[in-house]
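Worksheet: the structure to be examined is printed underneath.
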Amino acid sequence: MRRLSVSVLALAAVLLTAPAHAAVEKNGDLPRLKARAAAVSITRDDWGIAHIHGKTDADAVFGMAYAQAEDDFNRVETNFMTSLGRTAEAEGEKAIWADLRQKLFIDPAVLKADYAKSPAWLKTLMNGWADGLNFYLATHPDVKPRAITRFEPWMALSFSEGSIGGDIERVALTQLEAFYGQQKLAMTADEKGLLFKEPKGSNGMAIAPKLTLEGHALLLINPHTSFFFRSEMQVSSDQGLNAYGATTWGQFFIYQGFNAKAGWMHTSSGVDVVDEFAETIVEKDGQRFYKYGKELRPLKSEVITVPYRAADGSMAEKKFTVFKTHHGPIVREEGGKWISIALMNKPVAALEQSFLRTKATDLKSFMKVAELKANSSNNTLFADSKGEIAYLHPQFIPVRDDRFDYTKPVDGSDPATDWKGLHALKDAPHVVNPPNGWTFNTNNWPYTAAGPYSPKKADYPKYMDTFGENPRGLHAELVLKDARNLTLGGLIDKAYDPYLTAFARLIPTLVAAYDAAPDPKLAEQVAALKAWDCKWSARSTETSLAVFWGEAMWAKAAPAAKAQGLNTYDYMADKLTPAEKLAALAEASDRLTADFGSWKTPWGDINRFQRNDAAIVQTFDDAKPSIPVAFTSAQWGSLASFGAKRWPGTKKYYGTLGNSFVAVVQFGDKVRARAVSAGGESGDPASPHFNDQALRYSLGNLRDVYFYPEDLKPHAVKTYRPGQ
């Protein structure tokens, strides 16, 4: 570590404390930005949702960025602090390793060069985006950025894909720190995959016209992310842009949504597109090399500087000499080998694809955009006004030798393990207009995406999927197989179907265990679960008992399943002993009684939605108001997902992720849609739209979407220009 010089410290202090609007005025940008704002209008509806219109796409992007900043600048800035590797500038040493991880892939000099080489149309969008954020800061001097006082257009390339949890997050921070910090650190239980994580993914369903009442295709948009991770808005222009849906804070494209003719829903994919290579390092004549075939290649190195805020508030920095092979940067050591990592790093193409697909009007034009092959992590469910539906696998899929197991580090010295270009789109598993009339994905494998008309696993390399089936996938098939005469309301009913497929499998094994060794202390509990229909509800005491029992079993089964390379659900059902299953039920009963007075506690008394403040990481409090939520974790097969748990000082469960934005869309001569967002549109606790959708959210009571001007007009609360 070294301290910055006095002059640099002084400059840093000025940059971090000076009002952001001063930077705009100093550069003489304010008159230009005011003129630009005159080409943009923002209409807020009665839910606080922004409907932005600009003369050009770039003007619309200007207004989009401005409106996002109005609603939650903290989340906008936080996302770009993360993507640029600048979090430690605000949060101190604890964030250094996450920043270093980001900087292994994100180099401002490279992104500036990429910006300079970008197509002119994309440059105008990036310019509009930066102008919108800077104009917001210039007109809101009370807002104090934590690190980014001025947004530059090239910065948009650092965060060009809207998934929750990027590919970079596959790098374990403890092991990165152990390697570059030259210390021994064990991987955490979380990094080893031993702890339960609420599935971050999503549900998507596309329904063909023949299965709908009105003869128009339907689409379910149901991302499962951290709450308040995305903003709901509409953005349109005189150049043909007109997209509605969820946009990740700080990005200038609708990530999951629809336009007047087509809709797209992204779900996290199990395709393997992030690979590790075990490199053999050789030192020779004072230099480091790595083996590749019969040759020794020089190991590349560079110095990365990570600034951070010291404990006394001053700015300091740490420098790291990092290493790279042609596979990618070195991120850890294992068994005497240095491990490099390869992943997609195509920021310009990724940003192009993310924006252009929002203007696609049918499957053909959507697939033309997909040829950019810059989507590595998203499956897509698609529907359009022509009645076409599709399930699409990600487009960035490296070609590999399927003899090797890429779920583990492969031998980097063997040229046969190298990536060999990208697969053609036709090579990936996909479904287009299946005869059954429906397709879906729930972060499960693609091999049940359309029932009997699904792609066949045997036809594809192993690396096309690493997830396998999951309880939500089984549930989706159940609710779709007999679908007929669906409407928007009927699709909502499918999305909130209360059946819990995991317990439908597990409970019979519990009953068998009890029958073999009856325990009078558990007789009533076993009888209750045996008679239960495996459907959640806020009034259900069986849901509470089943969830607590399942959690007790998971804690026992997950480490053993991981060690044996087995699916945890399979292990719970088939490998846990009858005695272990009964012991878990006793543990669940005791915990319910200790925390709530009885094991017969209604699920809604335990499972709650609470939004207290604007903090990204909330503090929950049993003494403060909260709302009962009937649906459960996706862990148990609930399509409507609510990832909740106990928090420090609480006995009740509070949700932080799962269903976040939910929409159902019908495509025809005119598009119709209903939607709901967790909590509300605004991140400001003083806003009436901070929590005004919470009750609707908890009940699955979606509201009408005001897509057309004639629909919006009766519900428009105010229309204004940015800066007014």
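Chain labels follow the order of the structure tokens: the first chain is A, the next B, and so on; residue numbering restarts at 1 in every chain, and ligands are counted from 1 in their shown order.
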
* To do: Find the residues near region 280-289 of chain A: any atom within 12 Å, counting only C-alpha atoms, skip ones fewer than 5 places away on the same chain, and give them as a ChimeraX atom specification.
  => /A:295-301,323-326,330,333-340,410-414

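With only C-alpha atoms taken into account, the protein and nucleic acid residues at most 10 Å from Gly270 (chain A) (excluding it and anything under 6 positions from it in its own chain) are Ser377, Asn378, Asn379, His393, Pro394, Asn443, Asn444, Trp445, Pro446, Tyr463, Met464, Asp465, Thr466, Phe467 and Gly468 of chain A.
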
Mind dumping the selected residues with N, CA and C atoms as a compact mmCIF listing (two decimals), in the first residue's frame?
```txt
# COMPACT_ATOMS: atom_id res chain seq x y z
N SER A 377 -25.32 -15.09 -20.97
CA SER A 377 -25.93 -15.63 -19.76
C SER A 377 -27.44 -15.76 -19.79
N ASN A 378 -28.07 -15.30 -20.88
CA ASN A 378 -29.53 -15.23 -20.90
C ASN A 378 -30.17 -16.22 -21.85
N ASN A 379 -31.04 -17.08 -21.31
CA ASN A 379 -32.05 -17.71 -22.15
C ASN A 379 -33.09 -16.64 -22.45
N HIS A 393 -31.63 -20.21 -26.58
CA HIS A 393 -30.46 -20.36 -25.71
C HIS A 393 -29.56 -19.14 -25.91
N PRO A 394 -28.64 -18.86 -24.99
CA PRO A 394 -27.71 -17.75 -25.19
C PRO A 394 -26.95 -17.89 -26.52
N ASN A 443 -34.93 -21.37 -15.31
CA ASN A 443 -33.52 -21.59 -14.98
C ASN A 443 -33.20 -23.07 -14.92
N ASN A 444 -34.07 -23.87 -15.51
CA ASN A 444 -33.80 -25.30 -15.63
C ASN A 444 -33.17 -25.56 -16.99
N TRP A 445 -32.89 -26.81 -17.28
CA TRP A 445 -32.30 -27.14 -18.57
C TRP A 445 -33.31 -26.91 -19.70
N PRO A 446 -32.81 -26.83 -20.95
CA PRO A 446 -33.72 -26.56 -22.07
C PRO A 446 -34.44 -27.79 -22.57
N TYR A 463 -21.75 -29.20 -22.23
CA TYR A 463 -21.62 -27.83 -21.72
C TYR A 463 -22.79 -26.93 -22.11
N MET A 464 -23.72 -27.45 -22.90
CA MET A 464 -24.90 -26.63 -23.22
C MET A 464 -25.79 -26.40 -22.00
N ASP A 465 -25.64 -27.25 -20.97
CA ASP A 465 -26.38 -27.03 -19.73
C ASP A 465 -25.65 -27.64 -18.55
N THR A 466 -25.59 -26.87 -17.44
CA THR A 466 -25.01 -27.39 -16.20
C THR A 466 -26.01 -27.37 -15.05
N PHE A 467 -27.22 -26.86 -15.29
CA PHE A 467 -28.22 -26.72 -14.23
C PHE A 467 -29.05 -27.98 -14.01
N GLY A 468 -29.44 -28.64 -15.10
CA GLY A 468 -30.37 -29.74 -14.98
C GLY A 468 -31.79 -29.26 -14.71
```

* Could you pull out the residues in region 36-111 of chain A that DSSP calls strand (DSSP E or B) from the backbone, as a PyMOL selection string? => chain A and resi 40-45+50-54

Those residues you just picked out, can you put them in a file as a PDB file, in the first residue's frame with N, CA and C atoms?
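And here's selection33.pdb as it stands now:
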```pdb
ATOM      1  N   VAL A  40     -37.079  16.432 -24.691  1.00  0.00           N
ATOM      2  CA  VAL A  40     -37.488  15.251 -23.934  1.00  0.00           C
ATOM      3  C   VAL A  40     -38.683  15.591 -23.050  1.00  0.00           C
ATOM      4  N   SER A  41     -39.634  14.680 -22.971  1.00  0.00           N
ATOM      5  CA  SER A  41     -40.728  14.830 -22.003  1.00  0.00           C
ATOM      6  C   SER A  41     -40.802  13.579 -21.139  1.00  0.00           C
ATOM      7  N   ILE A  42     -41.138  13.780 -19.872  1.00  0.00           N
ATOM      8  CA  ILE A  42     -41.332  12.678 -18.933  1.00  0.00           C
ATOM      9  C   ILE A  42     -42.727  12.814 -18.346  1.00  0.00           C
ATOM     10  N   THR A  43     -43.539  11.781 -18.491  1.00  0.00           N
ATOM     11  CA  THR A  43     -44.864  11.748 -17.880  1.00  0.00           C
ATOM     12  C   THR A  43     -44.857  10.691 -16.785  1.00  0.00           C
ATOM     13  N   ARG A  44     -45.245  11.091 -15.607  1.00  0.00           N
ATOM     14  CA  ARG A  44     -45.363  10.146 -14.497  1.00  0.00           C
ATOM     15  C   ARG A  44     -46.829   9.753 -14.348  1.00  0.00           C
ATOM     16  N   ASP A  45     -47.082   8.435 -14.304  1.00  0.00           N
ATOM     17  CA  ASP A  45     -48.459   7.988 -14.129  1.00  0.00           C
ATOM     18  C   ASP A  45     -48.798   7.884 -12.646  1.00  0.00           C
ATOM     19  N   ALA A  50     -42.313   6.258 -14.983  1.00  0.00           N
ATOM     20  CA  ALA A  50     -41.932   7.260 -15.973  1.00  0.00           C
ATOM     21  C   ALA A  50     -42.184   6.743 -17.385  1.00  0.00           C
ATOM     22  N   HIS A  51     -42.856   7.570 -18.173  1.00  0.00           N
ATOM     23  CA  HIS A  51     -43.050   7.317 -19.604  1.00  0.00           C
ATOM     24  C   HIS A  51     -42.275   8.417 -20.319  1.00  0.00           C
ATOM     25  N   ILE A  52     -41.152   8.066 -20.930  1.00  0.00           N
ATOM     26  CA  ILE A  52     -40.218   9.041 -21.483  1.00  0.00           C
ATOM     27  C   ILE A  52     -40.345   9.083 -22.993  1.00  0.00           C
ATOM     28  N   HIS A  53     -40.352  10.280 -23.553  1.00  0.00           N
ATOM     29  CA  HIS A  53     -40.372  10.414 -25.010  1.00  0.00           C
ATOM     30  C   HIS A  53     -39.337  11.447 -25.431  1.00  0.00           C
ATOM     31  N   GLY A  54     -38.605  11.100 -26.493  1.00  0.00           N
ATOM     32  CA  GLY A  54     -37.631  12.023 -27.061  1.00  0.00           C
ATOM     33  C   GLY A  54     -37.773  12.088 -28.568  1.00  0.00           C
TER      34      GLY A  54
END
```

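For the choices A:Pro628, A:Pro153, A:Gly658, A:Pro429, the atom-to-atom distance to Ala458 (chain A) is smallest for A:Pro429 when using only C-alpha atoms.
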
* Can you pull out every residue within 10 Å of Thr487 (chain A), counting only C-alpha atoms, but drop anything in the same chain fewer than 5 positions away, and send it as a PyMOL selection string? => chain A and resi 211-218+492-493+664-666

* Determine the nearest neighbour of Ser202 (chain A) from the options A:Met553, A:Leu100, A:Leu657, A:Leu545, counting only C-alpha atoms. =>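 For Ser202 (chain A), the nearest of the given residues is A:Leu657.
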
* To do: From the DSSP assignment of the backbone, select every residue of region 384-560 of chain A that is alpha helix (DSSP H), and format the answer as an MDAnalysis selection string.
  => chainID A and resid 471:480 488:495 501:516 523:531 541:560

* Skip Gly637 (chain A) itself and residues of its chain fewer than 2 positions away, then list as a list in words all residues within 7 Å of it, counting only C-alpha atoms. => Pro471, Arg472, His475, Leu500, Thr501, Ala502, Ala634, Gln635 and Leu639 of chain A

Residues near Glu169 (chain A), cut-off 9 Å, only C-alpha atoms, skip fewer than 5 positions along chain, as a short mmCIF file (atom, residue, chain, number, x, y, z; two decimals) with all heavy atoms, in the first residue's frame:
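Produced file out.cif, reproduced below:
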```
data_model
loop_
_atom_site.label_atom_id
_atom_site.label_comp_id
_atom_site.auth_asym_id
_atom_site.auth_seq_id
_atom_site.Cartn_x
_atom_site.Cartn_y
_atom_site.Cartn_z
N ALA A 98 -13.05 -6.96 -4.56
CA ALA A 98 -14.10 -6.94 -5.58
C ALA A 98 -13.73 -5.95 -6.68
O ALA A 98 -13.97 -6.22 -7.87
CB ALA A 98 -15.44 -6.56 -4.95
N ARG A 101 -11.04 -7.57 -8.85
CA ARG A 101 -11.66 -8.56 -9.74
C ARG A 101 -12.26 -7.88 -10.96
O ARG A 101 -12.09 -8.35 -12.10
CB ARG A 101 -12.74 -9.33 -8.97
CG ARG A 101 -13.49 -10.35 -9.80
CD ARG A 101 -14.44 -11.18 -8.96
NE ARG A 101 -15.53 -10.38 -8.40
CZ ARG A 101 -16.47 -10.86 -7.59
NH1 ARG A 101 -16.43 -12.14 -7.23
NH2 ARG A 101 -17.43 -10.09 -7.13
N GLN A 102 -12.96 -6.78 -10.74
CA GLN A 102 -13.57 -6.08 -11.86
C GLN A 102 -12.51 -5.52 -12.80
O GLN A 102 -12.63 -5.58 -14.03
CB GLN A 102 -14.46 -4.95 -11.32
CG GLN A 102 -15.52 -4.48 -12.28
CD GLN A 102 -16.64 -5.48 -12.47
OE1 GLN A 102 -16.81 -6.41 -11.68
NE2 GLN A 102 -17.41 -5.33 -13.54
#
```

If we count only C-alpha atoms, what is near region 578-594 of chain A at a cut-off of 6 Å, once residues fewer than 2 positions away on the same chain are taken out, given as a JSON list (two decimals) with all heavy atoms, in the first residue's frame?
```json
[["chain", "number", "residue", "atom", "x", "y", "z"],
["A", 513, "ALA", "N", -40.97, -43.04, 6.39],
["A", 513, "ALA", "CA", -40.03, -43.09, 7.53],
["A", 513, "ALA", "C", -40.79, -43.21, 8.83],
["A", 513, "ALA", "O", -40.40, -43.98, 9.73],
["A", 513, "ALA", "CB", -39.14, -41.84, 7.52],
["A", 548, "PHE", "N", -39.96, -25.21, 7.20],
["A", 548, "PHE", "CA", -38.97, -25.36, 8.26],
["A", 548, "PHE", "C", -38.34, -26.76, 8.24],
["A", 548, "PHE", "O", -37.15, -26.93, 8.49],
["A", 548, "PHE", "CB", -39.60, -25.07, 9.63],
["A", 548, "PHE", "CG", -39.68, -23.60, 9.96],
["A", 548, "PHE", "CD1", -40.14, -22.68, 9.04],
["A", 548, "PHE", "CD2", -39.29, -23.14, 11.21],
["A", 548, "PHE", "CE1", -40.22, -21.33, 9.34],
["A", 548, "PHE", "CE2", -39.35, -21.79, 11.53],
["A", 548, "PHE", "CZ", -39.82, -20.88, 10.59],
["A", 549, "TRP", "N", -39.15, -27.77, 7.94],
["A", 549, "TRP", "CA", -38.63, -29.13, 7.81],
["A", 549, "TRP", "C", -37.66, -29.23, 6.63],
["A", 549, "TRP", "O", -36.57, -29.79, 6.74],
["A", 549, "TRP", "CB", -39.80, -30.10, 7.63],
["A", 549, "TRP", "CG", -39.39, -31.51, 7.29],
["A", 549, "TRP", "CD1", -38.62, -32.35, 8.02],
["A", 549, "TRP", "CD2", -39.78, -32.25, 6.12],
["A", 549, "TRP", "NE1", -38.48, -33.57, 7.40],
["A", 549, "TRP", "CE2", -39.19, -33.53, 6.22],
["A", 549, "TRP", "CE3", -40.58, -31.95, 5.01],
["A", 549, "TRP", "CZ2", -39.37, -34.52, 5.24],
["A", 549, "TRP", "CZ3", -40.76, -32.94, 4.04],
["A", 549, "TRP", "CH2", -40.16, -34.20, 4.16],
["A", 552, "ALA", "N", -34.33, -27.65, 7.46],
["A", 552, "ALA", "CA", -33.52, -28.48, 8.35],
["A", 552, "ALA", "C", -32.87, -29.63, 7.57],
["A", 552, "ALA", "O", -31.70, -29.97, 7.80],
["A", 552, "ALA", "CB", -34.38, -29.04, 9.48],
["A", 553, "MET", "N", -33.60, -30.21, 6.63],
["A", 553, "MET", "CA", -33.02, -31.28, 5.82],
["A", 553, "MET", "C", -31.95, -30.74, 4.88],
["A", 553, "MET", "O", -30.91, -31.38, 4.67],
["A", 553, "MET", "CB", -34.13, -31.97, 5.00],
["A", 553, "MET", "CG", -34.98, -32.92, 5.80],
["A", 553, "MET", "SD", -35.86, -34.08, 4.71],
["A", 553, "MET", "CE", -36.85, -32.96, 3.74],
["A", 596, "PHE", "N", -42.53, -18.94, 17.60],
["A", 596, "PHE", "CA", -43.88, -18.42, 17.36],
["A", 596, "PHE", "C", -44.94, -19.01, 18.31],
["A", 596, "PHE", "O", -46.11, -18.69, 18.17],
["A", 596, "PHE", "CB", -44.28, -18.68, 15.90],
["A", 596, "PHE", "CG", -43.33, -18.06, 14.92],
["A", 596, "PHE", "CD1", -42.37, -18.84, 14.28],
["A", 596, "PHE", "CD2", -43.35, -16.70, 14.66],
["A", 596, "PHE", "CE1", -41.48, -18.27, 13.38],
["A", 596, "PHE", "CE2", -42.47, -16.12, 13.78],
["A", 596, "PHE", "CZ", -41.52, -16.90, 13.13],
["A", 597, "GLY", "N", -44.51, -19.85, 19.23],
["A", 597, "GLY", "CA", -45.44, -20.36, 20.23],
["A", 597, "GLY", "C", -46.11, -21.66, 19.88],
["A", 597, "GLY", "O", -46.68, -22.32, 20.75],
["A", 598, "SER", "N", -46.07, -22.05, 18.60],
["A", 598, "SER", "CA", -46.70, -23.30, 18.18],
["A", 598, "SER", "C", -46.18, -23.70, 16.81],
["A", 598, "SER", "O", -45.89, -22.83, 15.97],
["A", 598, "SER", "CB", -48.22, -23.14, 18.11],
["A", 598, "SER", "OG", -48.83, -24.26, 17.49],
["A", 599, "TRP", "N", -46.10, -25.02, 16.57],
["A", 599, "TRP", "CA", -45.72, -25.43, 15.22],
["A", 599, "TRP", "C", -46.88, -25.25, 14.26],
["A", 599, "TRP", "O", -46.70, -25.33, 13.04],
["A", 599, "TRP", "CB", -45.21, -26.87, 15.21],
["A", 599, "TRP", "CG", -46.20, -27.96, 15.57],
["A", 599, "TRP", "CD1", -46.35, -28.55, 16.78],
["A", 599, "TRP", "CD2", -47.14, -28.58, 14.69],
["A", 599, "TRP", "NE1", -47.34, -29.51, 16.72],
["A", 599, "TRP", "CE2", -47.84, -29.55, 15.44],
["A", 599, "TRP", "CE3", -47.49, -28.42, 13.35],
["A", 599, "TRP", "CZ2", -48.85, -30.34, 14.90],
["A", 599, "TRP", "CZ3", -48.49, -29.20, 12.80],
["A", 599, "TRP", "CH2", -49.16, -30.16, 13.57]]
```

Give me the residues within 10 Å of Leu702 (chain A) as a compact mmCIF listing (two decimals) with N, CA and C atoms, in the first residue's frame, counting only C-alpha atoms and dropping any in the same chain fewer than 3 places off.
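This is the output file part_5.txt:
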```
# COMPACT_ATOMS: atom_id res chain seq x y z
N GLY A 489 -55.42 -12.87 -17.42
CA GLY A 489 -55.72 -13.33 -16.06
C GLY A 489 -55.39 -14.80 -15.86
N ILE A 492 -51.71 -15.17 -15.40
CA ILE A 492 -51.34 -14.77 -14.03
C ILE A 492 -51.61 -15.92 -13.07
N VAL A 662 -43.15 -8.36 -12.31
CA VAL A 662 -43.96 -9.41 -12.93
C VAL A 662 -44.87 -8.74 -13.95
N ALA A 663 -44.89 -9.29 -15.17
CA ALA A 663 -45.79 -8.75 -16.19
C ALA A 663 -46.33 -9.88 -17.05
N VAL A 664 -47.55 -9.72 -17.50
CA VAL A 664 -48.12 -10.59 -18.52
C VAL A 664 -48.53 -9.71 -19.69
N ALA A 673 -51.19 -5.28 -21.46
CA ALA A 673 -50.31 -5.84 -20.43
C ALA A 673 -50.78 -5.45 -19.04
N ARG A 674 -50.40 -6.28 -18.08
CA ARG A 674 -50.58 -5.99 -16.67
C ARG A 674 -49.26 -6.27 -15.98
N ALA A 675 -48.99 -5.55 -14.88
CA ALA A 675 -47.67 -5.69 -14.25
C ALA A 675 -47.74 -5.28 -12.79
N VAL A 676 -46.68 -5.65 -12.05
CA VAL A 676 -46.50 -5.19 -10.67
C VAL A 676 -45.01 -5.23 -10.36
N SER A 677 -44.56 -4.30 -9.54
CA SER A 677 -43.17 -4.26 -9.10
C SER A 677 -43.13 -4.34 -7.58
N GLN A 693 -47.02 -0.32 -4.18
CA GLN A 693 -47.37 -1.56 -4.86
C GLN A 693 -47.17 -2.80 -3.98
N ARG A 696 -50.31 -5.10 -3.53
CA ARG A 696 -50.59 -5.76 -4.81
C ARG A 696 -49.55 -6.85 -5.08
N TYR A 697 -48.29 -6.52 -4.81
CA TYR A 697 -47.20 -7.47 -5.01
C TYR A 697 -47.44 -8.74 -4.21
N LEU A 699 -50.11 -10.02 -3.13
CA LEU A 699 -51.31 -10.76 -3.53
C LEU A 699 -51.27 -11.23 -4.98
N VAL A 705 -51.13 -1.83 -17.44
CA VAL A 705 -50.00 -1.05 -17.97
C VAL A 705 -50.56 -0.02 -18.95
```
